[in-house]
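Student: Before anything else, here's the structure in question.
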Amino acid sequence: MNRNNFVQSEPNTTNSNDATVDCHTHVFCWGEKPEDGFLSRKTQNSILSRFLLQYTGIAREKGNNISEKIRNRLLKDFKNSSLSHIVLLAQDAVYRDDGQPDHGRTHFYVSNDYVLNLSRENPGIIPCCSINPLRSDALQELERCHAEGSRIIKIHTAIQGADPSDPRFEPFYKLTTELGSVLIFHTGYEHACTVISQKFTNPNRLKRPLEHGITLIAAHCGSCGFWDAEDYFPDFIDMMSQYENLYGDTAVMGSMARLGALKRLSKLSDSIKSRILHGSDYPFPSTRFASANPITFPLKSHISPLQMDLEVKRTHGFSAGYENRILDLLKTTPSLVGLVS
Ligand SMILES: [Zn+2]
């Protein structure tokens with residue numbers, strides 16, 4: 001398929017039902033300006049990072065340094081998809097016991113301002129700031145991010161060493177409830193980056209914030225790799241049955257590492273499937289082998305990875321609102337997230 005044949009995003013969508021939203025995408029900073037974000041030397045040299053750089057051919061992208069190339073590629077891939085919006089995630093640091101950032105143990109960082117600025121400059125990008133509740137200024141940052149337009153906040157349980165059931169997070173959850181923000185927690189074993197604890201990724205640790213009534217998204221639906229010591233998907237199902245304010249996204253579930261995960265998800269009850277949200281985990285690629293019909297799924301070698309992921313997930317027919325439910329959760333419409341002038 002020629003790139004010119006891609007369906008372009010439609011910037012005139014006026015209601016949520018017409019929107020197609022990817023609620024879980026990433027941008028990385030290499031570290032040329034560490035205040036924007038960085039990957040640690042260990043992460044830069046990891047097999048996965050090297051694979052992604054090679055696989056995406058990022059060196060050929062426009063830009064003066066790797067971070068600019070990554071950003072430009074994201075914008076191009078978004079434009080070359082039929083998505084009307086993407087939710088773009090920041091990534092907070094690891095913090096010491098005194099609440100100060102622990103740069104030595106932080107392997108993946110993207111500042112909130114980097115994502116907020118990208119969102120301001122690019123209609124269709126919905127900012128998702130990231131706040132580690134262990135930081136000493138967590139409450140101030142939560143208020144600031146809300147005021148700047150981030151109505152959804154990411155907490156990476158494994159990489160940031162944040163246990164959702166930690167009683168010290170109570171004030172953070174209280175303020176989240178008052179502001180009406182949505183929280184998205186990483187669930188399921190993490191493979192892309194150095195972790196502090198995989199145990200924190202078990203969905204059954206989400207009881208505390210859920211009891212506050214917070215609208216909460218379990219990223220990756222608790223799915224794990226087939227080689228992992230545990231499988232948290234059954235815990236995800238159990239929690240979804242108990243809490244109506246719990247949702248799940250399909251990020252990374254179309255990848256080779258999660259083969260079979262989408263199929264398992266598609267067999268769940270309608271009550272659970274009506275709370276599943278579309279997310280890719282871009283730039284981690286999805287494969288046709290994760291579609292419901294891998295044999296007949298058309299070959300699309302040059303398609304935008306965002307579009308590829310969307311089309312793989314569409315074959316599983318999750319539910320009517322699967323592609324734009326996130327806008328309802330954020331209590332917003334396309335016009336409020338900068339899509340309509
Ligand atoms: Zn992710």
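Just remember, in the structure tokens the first chain shown is A, the second B, etc., residues are 1-based per chain, and ligands are 1-based in the order shown.
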Give me, as JSON lines, each residue of chain A that comes within 12 Å of ligand 1, together with its shortest interatomic pair and the distance in Å at one decimal, counting only C-alpha atoms and all ligand atoms, with rows ordered by chain and rising residue number.

Tutor:
{"residue": "A:Asp22", "atom": "CA", "partner": "ligand 1", "partner_atom_place_in_ligand_line": "1 (Zn)", "distance": 11.6}
{"residue": "A:Cys23", "atom": "CA", "partner": "ligand 1", "partner_atom_place_in_ligand_line": "1 (Zn)", "distance": 10.0}
{"residue": "A:His24", "atom": "CA", "partner": "ligand 1", "partner_atom_place_in_ligand_line": "1 (Zn)", "distance": 6.3}
{"residue": "A:Thr25", "atom": "CA", "partner": "ligand 1", "partner_atom_place_in_ligand_line": "1 (Zn)", "distance": 6.6}
{"residue": "A:His26", "atom": "CA", "partner": "ligand 1", "partner_atom_place_in_ligand_line": "1 (Zn)", "distance": 6.5}
{"residue": "A:Val27", "atom": "CA", "partner": "ligand 1", "partner_atom_place_in_ligand_line": "1 (Zn)", "distance": 9.9}
{"residue": "A:Phe28", "atom": "CA", "partner": "ligand 1", "partner_atom_place_in_ligand_line": "1 (Zn)", "distance": 11.2}
{"residue": "A:Val87", "atom": "CA", "partner": "ligand 1", "partner_atom_place_in_ligand_line": "1 (Zn)", "distance": 11.0}
{"residue": "A:Leu88", "atom": "CA", "partner": "ligand 1", "partner_atom_place_in_ligand_line": "1 (Zn)", "distance": 9.7}
{"residue": "A:Leu89", "atom": "CA", "partner": "ligand 1", "partner_atom_place_in_ligand_line": "1 (Zn)", "distance": 7.8}
{"residue": "A:Ala90", "atom": "CA", "partner": "ligand 1", "partner_atom_place_in_ligand_line": "1 (Zn)", "distance": 9.9}
{"residue": "A:Gln91", "atom": "CA", "partner": "ligand 1", "partner_atom_place_in_ligand_line": "1 (Zn)", "distance": 9.5}
{"residue": "A:Phe108", "atom": "CA", "partner": "ligand 1", "partner_atom_place_in_ligand_line": "1 (Zn)", "distance": 11.6}
{"residue": "A:Cys128", "atom": "CA", "partner": "ligand 1", "partner_atom_place_in_ligand_line": "1 (Zn)", "distance": 11.6}
{"residue": "A:Ser130", "atom": "CA", "partner": "ligand 1", "partner_atom_place_in_ligand_line": "1 (Zn)", "distance": 11.7}
{"residue": "A:Lys154", "atom": "CA", "partner": "ligand 1", "partner_atom_place_in_ligand_line": "1 (Zn)", "distance": 9.4}
{"residue": "A:Ile155", "atom": "CA", "partner": "ligand 1", "partner_atom_place_in_ligand_line": "1 (Zn)", "distance": 10.4}
{"residue": "A:His156", "atom": "CA", "partner": "ligand 1", "partner_atom_place_in_ligand_line": "1 (Zn)", "distance": 8.6}
{"residue": "A:Thr157", "atom": "CA", "partner": "ligand 1", "partner_atom_place_in_ligand_line": "1 (Zn)", "distance": 11.4}
{"residue": "A:Ala158", "atom": "CA", "partner": "ligand 1", "partner_atom_place_in_ligand_line": "1 (Zn)", "distance": 11.5}
{"residue": "A:Ile159", "atom": "CA", "partner": "ligand 1", "partner_atom_place_in_ligand_line": "1 (Zn)", "distance": 11.0}
{"residue": "A:Ile184", "atom": "CA", "partner": "ligand 1", "partner_atom_place_in_ligand_line": "1 (Zn)", "distance": 10.1}
{"residue": "A:Phe185", "atom": "CA", "partner": "ligand 1", "partner_atom_place_in_ligand_line": "1 (Zn)", "distance": 9.7}
{"residue": "A:His186", "atom": "CA", "partner": "ligand 1", "partner_atom_place_in_ligand_line": "1 (Zn)", "distance": 7.4}
{"residue": "A:Thr187", "atom": "CA", "partner": "ligand 1", "partner_atom_place_in_ligand_line": "1 (Zn)", "distance": 9.9}
{"residue": "A:Gly188", "atom": "CA", "partner": "ligand 1", "partner_atom_place_in_ligand_line": "1 (Zn)", "distance": 11.0}
{"residue": "A:Tyr189", "atom": "CA", "partner": "ligand 1", "partner_atom_place_in_ligand_line": "1 (Zn)", "distance": 11.6}
{"residue": "A:Glu190", "atom": "CA", "partner": "ligand 1", "partner_atom_place_in_ligand_line": "1 (Zn)", "distance": 9.3}
{"residue": "A:His191", "atom": "CA", "partner": "ligand 1", "partner_atom_place_in_ligand_line": "1 (Zn)", "distance": 10.6}
{"residue": "A:Ala192", "atom": "CA", "partner": "ligand 1", "partner_atom_place_in_ligand_line": "1 (Zn)", "distance": 9.2}
{"residue": "A:Cys193", "atom": "CA", "partner": "ligand 1", "partner_atom_place_in_ligand_line": "1 (Zn)", "distance": 10.7}
{"residue": "A:Ala218", "atom": "CA", "partner": "ligand 1", "partner_atom_place_in_ligand_line": "1 (Zn)", "distance": 11.0}
{"residue": "A:Ala219", "atom": "CA", "partner": "ligand 1", "partner_atom_place_in_ligand_line": "1 (Zn)", "distance": 7.4}
{"residue": "A:His220", "atom": "CA", "partner": "ligand 1", "partner_atom_place_in_ligand_line": "1 (Zn)", "distance": 8.1}
{"residue": "A:Cys221", "atom": "CA", "partner": "ligand 1", "partner_atom_place_in_ligand_line": "1 (Zn)", "distance": 11.7}
{"residue": "A:Asp249", "atom": "CA", "partner": "ligand 1", "partner_atom_place_in_ligand_line": "1 (Zn)", "distance": 10.0}
{"residue": "A:Thr250", "atom": "CA", "partner": "ligand 1", "partner_atom_place_in_ligand_line": "1 (Zn)", "distance": 10.0}
{"residue": "A:Ala251", "atom": "CA", "partner": "ligand 1", "partner_atom_place_in_ligand_line": "1 (Zn)", "distance": 6.6}
{"residue": "A:Val252", "atom": "CA", "partner": "ligand 1", "partner_atom_place_in_ligand_line": "1 (Zn)", "distance": 7.3}
{"residue": "A:Met253", "atom": "CA", "partner": "ligand 1", "partner_atom_place_in_ligand_line": "1 (Zn)", "distance": 10.6}
{"residue": "A:Gly279", "atom": "CA", "partner": "ligand 1", "partner_atom_place_in_ligand_line": "1 (Zn)", "distance": 8.9}
{"residue": "A:Ser280", "atom": "CA", "partner": "ligand 1", "partner_atom_place_in_ligand_line": "1 (Zn)", "distance": 8.0}
{"residue": "A:Asp281", "atom": "CA", "partner": "ligand 1", "partner_atom_place_in_ligand_line": "1 (Zn)", "distance": 4.6}
{"residue": "A:Tyr282", "atom": "CA", "partner": "ligand 1", "partner_atom_place_in_ligand_line": "1 (Zn)", "distance": 7.5}
{"residue": "A:Pro283", "atom": "CA", "partner": "ligand 1", "partner_atom_place_in_ligand_line": "1 (Zn)", "distance": 9.1}
{"residue": "A:Phe284", "atom": "CA", "partner": "ligand 1", "partner_atom_place_in_ligand_line": "1 (Zn)", "distance": 8.6}
{"residue": "A:Pro285", "atom": "CA", "partner": "ligand 1", "partner_atom_place_in_ligand_line": "1 (Zn)", "distance": 11.7}

Student: Which residues come within 10 Å of range 99-104 of chain A, counting only C-alpha atoms, excluding same-chain residues fewer than 3 positions away, as a short mmCIF file (atom, residue, chain, number, x, y, z; two decimals) with N, CA, C and O atoms, in the first residue's frame?

Tutor:
data_model
loop_
_atom_site.label_atom_id
_atom_site.label_comp_id
_atom_site.auth_asym_id
_atom_site.auth_seq_id
_atom_site.Cartn_x
_atom_site.Cartn_y
_atom_site.Cartn_z
N SER A 40 17.90 6.03 30.19
CA SER A 40 19.21 5.77 30.81
C SER A 40 20.10 5.05 29.79
O SER A 40 19.61 4.48 28.81
N ASP A 92 6.82 9.72 34.69
CA ASP A 92 7.52 10.33 35.83
C ASP A 92 8.71 9.46 36.27
O ASP A 92 8.85 8.31 35.84
N ALA A 93 9.52 10.03 37.14
CA ALA A 93 10.76 9.39 37.58
C ALA A 93 10.51 8.42 38.74
O ALA A 93 9.39 8.28 39.24
N VAL A 94 11.60 7.76 39.17
CA VAL A 94 11.62 7.02 40.43
C VAL A 94 11.98 8.02 41.52
O VAL A 94 12.76 8.95 41.27
N TYR A 95 11.41 7.87 42.71
CA TYR A 95 11.68 8.82 43.80
C TYR A 95 12.28 8.11 45.01
O TYR A 95 11.99 6.94 45.27
N ARG A 96 13.13 8.85 45.73
CA ARG A 96 13.73 8.32 46.95
C ARG A 96 12.72 8.41 48.09
O ARG A 96 11.66 9.04 47.95
N HIS A 107 15.14 5.02 34.63
CA HIS A 107 15.64 4.53 33.33
C HIS A 107 14.81 5.05 32.16
O HIS A 107 15.19 4.86 31.01
N PHE A 108 13.66 5.65 32.46
CA PHE A 108 12.76 6.12 31.39
C PHE A 108 11.99 7.30 31.96
O PHE A 108 11.26 7.15 32.94
N TYR A 109 12.21 8.48 31.37
CA TYR A 109 11.56 9.68 31.88
C TYR A 109 11.10 10.56 30.72
O TYR A 109 11.87 10.80 29.77
N ASN A 132 4.27 10.24 39.97
CA ASN A 132 4.56 9.20 40.96
C ASN A 132 4.06 9.74 42.31
O ASN A 132 4.59 10.75 42.79
N PRO A 133 3.06 9.08 42.92
CA PRO A 133 2.51 9.62 44.18
C PRO A 133 3.55 9.69 45.31
O PRO A 133 3.29 10.32 46.34
N LEU A 134 4.71 9.06 45.11
CA LEU A 134 5.75 9.09 46.14
C LEU A 134 6.54 10.40 46.14
O LEU A 134 7.32 10.65 47.05
N ARG A 135 6.35 11.24 45.13
CA ARG A 135 7.12 12.49 45.09
C ARG A 135 6.57 13.47 46.12
O ARG A 135 5.36 13.50 46.39
N SER A 136 7.46 14.29 46.68
CA SER A 136 7.04 15.17 47.79
C SER A 136 6.02 16.20 47.32
O SER A 136 5.19 16.64 48.11
N ASP A 137 6.05 16.59 46.04
CA ASP A 137 5.11 17.61 45.55
C ASP A 137 4.00 16.99 44.68
O ASP A 137 3.48 17.64 43.78
N ALA A 138 3.66 15.75 44.98
CA ALA A 138 2.68 15.03 44.13
C ALA A 138 1.34 15.78 44.04
O ALA A 138 0.75 15.87 42.96
#

Student: Which residues, written as a list of chain:residue names, have at least one atom at most 9 Å from Leu116 in chain A, with only C-alpha atoms counted and residues fewer than 3 positions away on the same chain left out?

Tutor: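 So, after excluding close chain neighbours, the residues are A:Ala90, A:Ser111, A:Asn112, A:Asp113, A:Ser119, A:Arg120, A:Glu121, A:Ile126, A:Pro127, A:Cys128, A:Cys129, A:Cys145, A:Glu148, A:Gly149, A:Ser150.
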
Student: Output N, CA and C atoms of each residue in that selection to a file, as a PDB file, in the first residue's frame.

Tutor:
ATOM      1  N   ALA A  90       3.074  10.906  29.470  1.00  0.00           N
ATOM      2  CA  ALA A  90       4.369  11.271  30.055  1.00  0.00           C
ATOM      3  C   ALA A  90       4.818  10.108  30.946  1.00  0.00           C
ATOM      4  N   SER A 111       9.008  14.286  30.618  1.00  0.00           N
ATOM      5  CA  SER A 111       8.428  15.295  31.515  1.00  0.00           C
ATOM      6  C   SER A 111       6.983  15.610  31.136  1.00  0.00           C
ATOM      7  N   ASN A 112       6.246  16.069  32.121  1.00  0.00           N
ATOM      8  CA  ASN A 112       4.856  16.461  31.871  1.00  0.00           C
ATOM      9  C   ASN A 112       4.790  17.638  30.900  1.00  0.00           C
ATOM     10  N   ASP A 113       5.734  18.580  31.046  1.00  0.00           N
ATOM     11  CA  ASP A 113       5.697  19.747  30.157  1.00  0.00           C
ATOM     12  C   ASP A 113       5.982  19.376  28.710  1.00  0.00           C
ATOM     13  N   SER A 119       0.954  18.586  23.050  1.00  0.00           N
ATOM     14  CA  SER A 119      -0.501  18.630  22.931  1.00  0.00           C
ATOM     15  C   SER A 119      -0.968  20.017  22.486  1.00  0.00           C
ATOM     16  N   ARG A 120      -0.354  21.053  23.046  1.00  0.00           N
ATOM     17  CA  ARG A 120      -0.742  22.423  22.659  1.00  0.00           C
ATOM     18  C   ARG A 120      -0.446  22.679  21.180  1.00  0.00           C
ATOM     19  N   GLU A 121       0.660  22.116  20.707  1.00  0.00           N
ATOM     20  CA  GLU A 121       1.089  22.386  19.324  1.00  0.00           C
ATOM     21  C   GLU A 121       0.363  21.507  18.299  1.00  0.00           C
ATOM     22  N   ILE A 126      -4.110  14.376  23.125  1.00  0.00           N
ATOM     23  CA  ILE A 126      -4.652  14.586  24.474  1.00  0.00           C
ATOM     24  C   ILE A 126      -3.532  14.283  25.472  1.00  0.00           C
ATOM     25  N   PRO A 127      -3.191  15.251  26.325  1.00  0.00           N
ATOM     26  CA  PRO A 127      -2.062  15.015  27.235  1.00  0.00           C
ATOM     27  C   PRO A 127      -2.437  14.127  28.415  1.00  0.00           C
ATOM     28  N   CYS A 128      -1.557  13.187  28.731  1.00  0.00           N
ATOM     29  CA  CYS A 128      -1.705  12.381  29.944  1.00  0.00           C
ATOM     30  C   CYS A 128      -0.419  12.559  30.743  1.00  0.00           C
ATOM     31  N   CYS A 129      -0.471  13.422  31.747  1.00  0.00           N
ATOM     32  CA  CYS A 129       0.697  13.628  32.595  1.00  0.00           C
ATOM     33  C   CYS A 129       0.928  12.386  33.453  1.00  0.00           C
ATOM     34  N   CYS A 145      -1.164  19.871  36.743  1.00  0.00           N
ATOM     35  CA  CYS A 145      -1.461  19.135  35.513  1.00  0.00           C
ATOM     36  C   CYS A 145      -2.939  19.268  35.148  1.00  0.00           C
ATOM     37  N   GLU A 148      -3.529  22.552  33.668  1.00  0.00           N
ATOM     38  CA  GLU A 148      -2.934  22.656  32.323  1.00  0.00           C
ATOM     39  C   GLU A 148      -3.689  21.816  31.295  1.00  0.00           C
ATOM     40  N   GLY A 149      -4.700  21.066  31.742  1.00  0.00           N
ATOM     41  CA  GLY A 149      -5.542  20.340  30.787  1.00  0.00           C
ATOM     42  C   GLY A 149      -5.371  18.833  30.773  1.00  0.00           C
ATOM     43  N   SER A 150      -4.562  18.285  31.688  1.00  0.00           N
ATOM     44  CA  SER A 150      -4.416  16.826  31.725  1.00  0.00           C
ATOM     45  C   SER A 150      -5.438  16.250  32.702  1.00  0.00           C
TER      46      SER A 150
END

Student: Extract, using only C-alpha atoms, all DNA, RNA and protein residues at most 7 Å from Ile70 in chain A, discarding same-chain residues fewer than 3 positions from it, and format them as a ChimeraX atom specification.

Tutor: /A:28,58,66-67,73-74

Student: Please compute the CA of Gln140 in chain A-CA of Thr215 in chain A distance, one decimal, in Å.

Tutor: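 According to the coordinates, CA of Gln140 in chain A and CA of Thr215 in chain A are separated by 20.4 Å.
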
Student: Looking only at alpha helix (DSSP H) from DSSP on the backbone, list the matching residues of range 138-175 of chain A as an MDAnalysis selection string.

Tutor: chainID A and resid 138:147 170:175

Student: Please identify all polymer residues within 8 Å of range 311-326 of chain A, counting only C-alpha atoms, omitting same-chain residues fewer than 6 positions from it, and present them as a PyMOL selection string.

Tutor: chain A and resi 16-17+19-23+254+262-263+266+270+273-278+286-288+290-293

Student: Using backbone DSSP assignments, extract all strand (DSSP E or B) residues from range 51-131 of chain A; output them as a ChimeraX atom specification.

Tutor: /A:85-89,91,95,101,108-110,125-130

Student: Generate a file of the selected residues that holds N, CA and C atoms, formatted as an mmCIF file, in the first residue's frame.

Tutor:
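Generated output (out.cif):
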data_model
loop_
_atom_site.group_PDB
_atom_site.id
_atom_site.type_symbol
_atom_site.label_atom_id
_atom_site.label_comp_id
_atom_site.auth_asym_id
_atom_site.auth_seq_id
_atom_site.Cartn_x
_atom_site.Cartn_y
_atom_site.Cartn_z
ATOM 1 N N HIS A 85 -7.783 11.191 17.525
ATOM 2 C CA HIS A 85 -7.047 11.614 18.719
ATOM 3 C C HIS A 85 -6.096 10.510 19.181
ATOM 4 N N ILE A 86 -5.016 10.940 19.822
ATOM 5 C CA ILE A 86 -4.223 9.986 20.603
ATOM 6 C C ILE A 86 -4.026 10.573 21.993
ATOM 7 N N VAL A 87 -4.048 9.712 22.990
ATOM 8 C CA VAL A 87 -3.686 10.126 24.353
ATOM 9 C C VAL A 87 -2.197 9.822 24.496
ATOM 10 N N LEU A 88 -1.403 10.877 24.766
ATOM 11 C CA LEU A 88 0.050 10.741 24.808
ATOM 12 C C LEU A 88 0.530 10.793 26.260
ATOM 13 N N LEU A 89 1.284 9.750 26.639
ATOM 14 C CA LEU A 89 1.639 9.567 28.054
ATOM 15 C C LEU A 89 3.026 10.116 28.396
ATOM 16 N N GLN A 91 6.021 10.209 31.504
ATOM 17 C CA GLN A 91 6.531 9.131 32.366
ATOM 18 C C GLN A 91 7.353 9.761 33.478
ATOM 19 N N TYR A 95 11.409 7.867 42.707
ATOM 20 C CA TYR A 95 11.679 8.823 43.804
ATOM 21 C C TYR A 95 12.284 8.113 45.010
ATOM 22 N N PRO A 101 13.586 13.165 43.402
ATOM 23 C CA PRO A 101 13.837 12.247 42.282
ATOM 24 C C PRO A 101 15.140 11.480 42.425
ATOM 25 N N PHE A 108 13.662 5.653 32.457
ATOM 26 C CA PHE A 108 12.763 6.117 31.392
ATOM 27 C C PHE A 108 11.995 7.296 31.962
ATOM 28 N N TYR A 109 12.211 8.477 31.367
ATOM 29 C CA TYR A 109 11.563 9.683 31.879
ATOM 30 C C TYR A 109 11.105 10.558 30.720
ATOM 31 N N VAL A 110 9.859 11.009 30.781
ATOM 32 C CA VAL A 110 9.334 12.013 29.843
ATOM 33 C C VAL A 110 8.587 13.032 30.697
ATOM 34 N N ILE A 125 -3.886 15.647 19.985
ATOM 35 C CA ILE A 125 -3.095 14.977 21.025
ATOM 36 C C ILE A 125 -3.657 15.366 22.393
ATOM 37 N N ILE A 126 -4.110 14.376 23.125
ATOM 38 C CA ILE A 126 -4.652 14.586 24.474
ATOM 39 C C ILE A 126 -3.532 14.283 25.472
ATOM 40 N N PRO A 127 -3.191 15.251 26.325
ATOM 41 C CA PRO A 127 -2.062 15.015 27.235
ATOM 42 C C PRO A 127 -2.437 14.127 28.415
ATOM 43 N N CYS A 128 -1.557 13.187 28.731
ATOM 44 C CA CYS A 128 -1.705 12.381 29.944
ATOM 45 C C CYS A 128 -0.419 12.559 30.743
ATOM 46 N N CYS A 129 -0.471 13.422 31.747
ATOM 47 C CA CYS A 129 0.697 13.628 32.595
ATOM 48 C C CYS A 129 0.928 12.386 33.453
ATOM 49 N N SER A 130 2.124 12.289 34.005
ATOM 50 C CA SER A 130 2.457 11.147 34.853
ATOM 51 C C SER A 130 2.968 11.671 36.185
#

Student: When you count only C-alpha atoms, which of these residues is closest to Pro164 in chain A: A:Ala147, A:Ile131, A:Leu142, A:Leu206?

Tutor: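 Closest candidate: A:Leu206.
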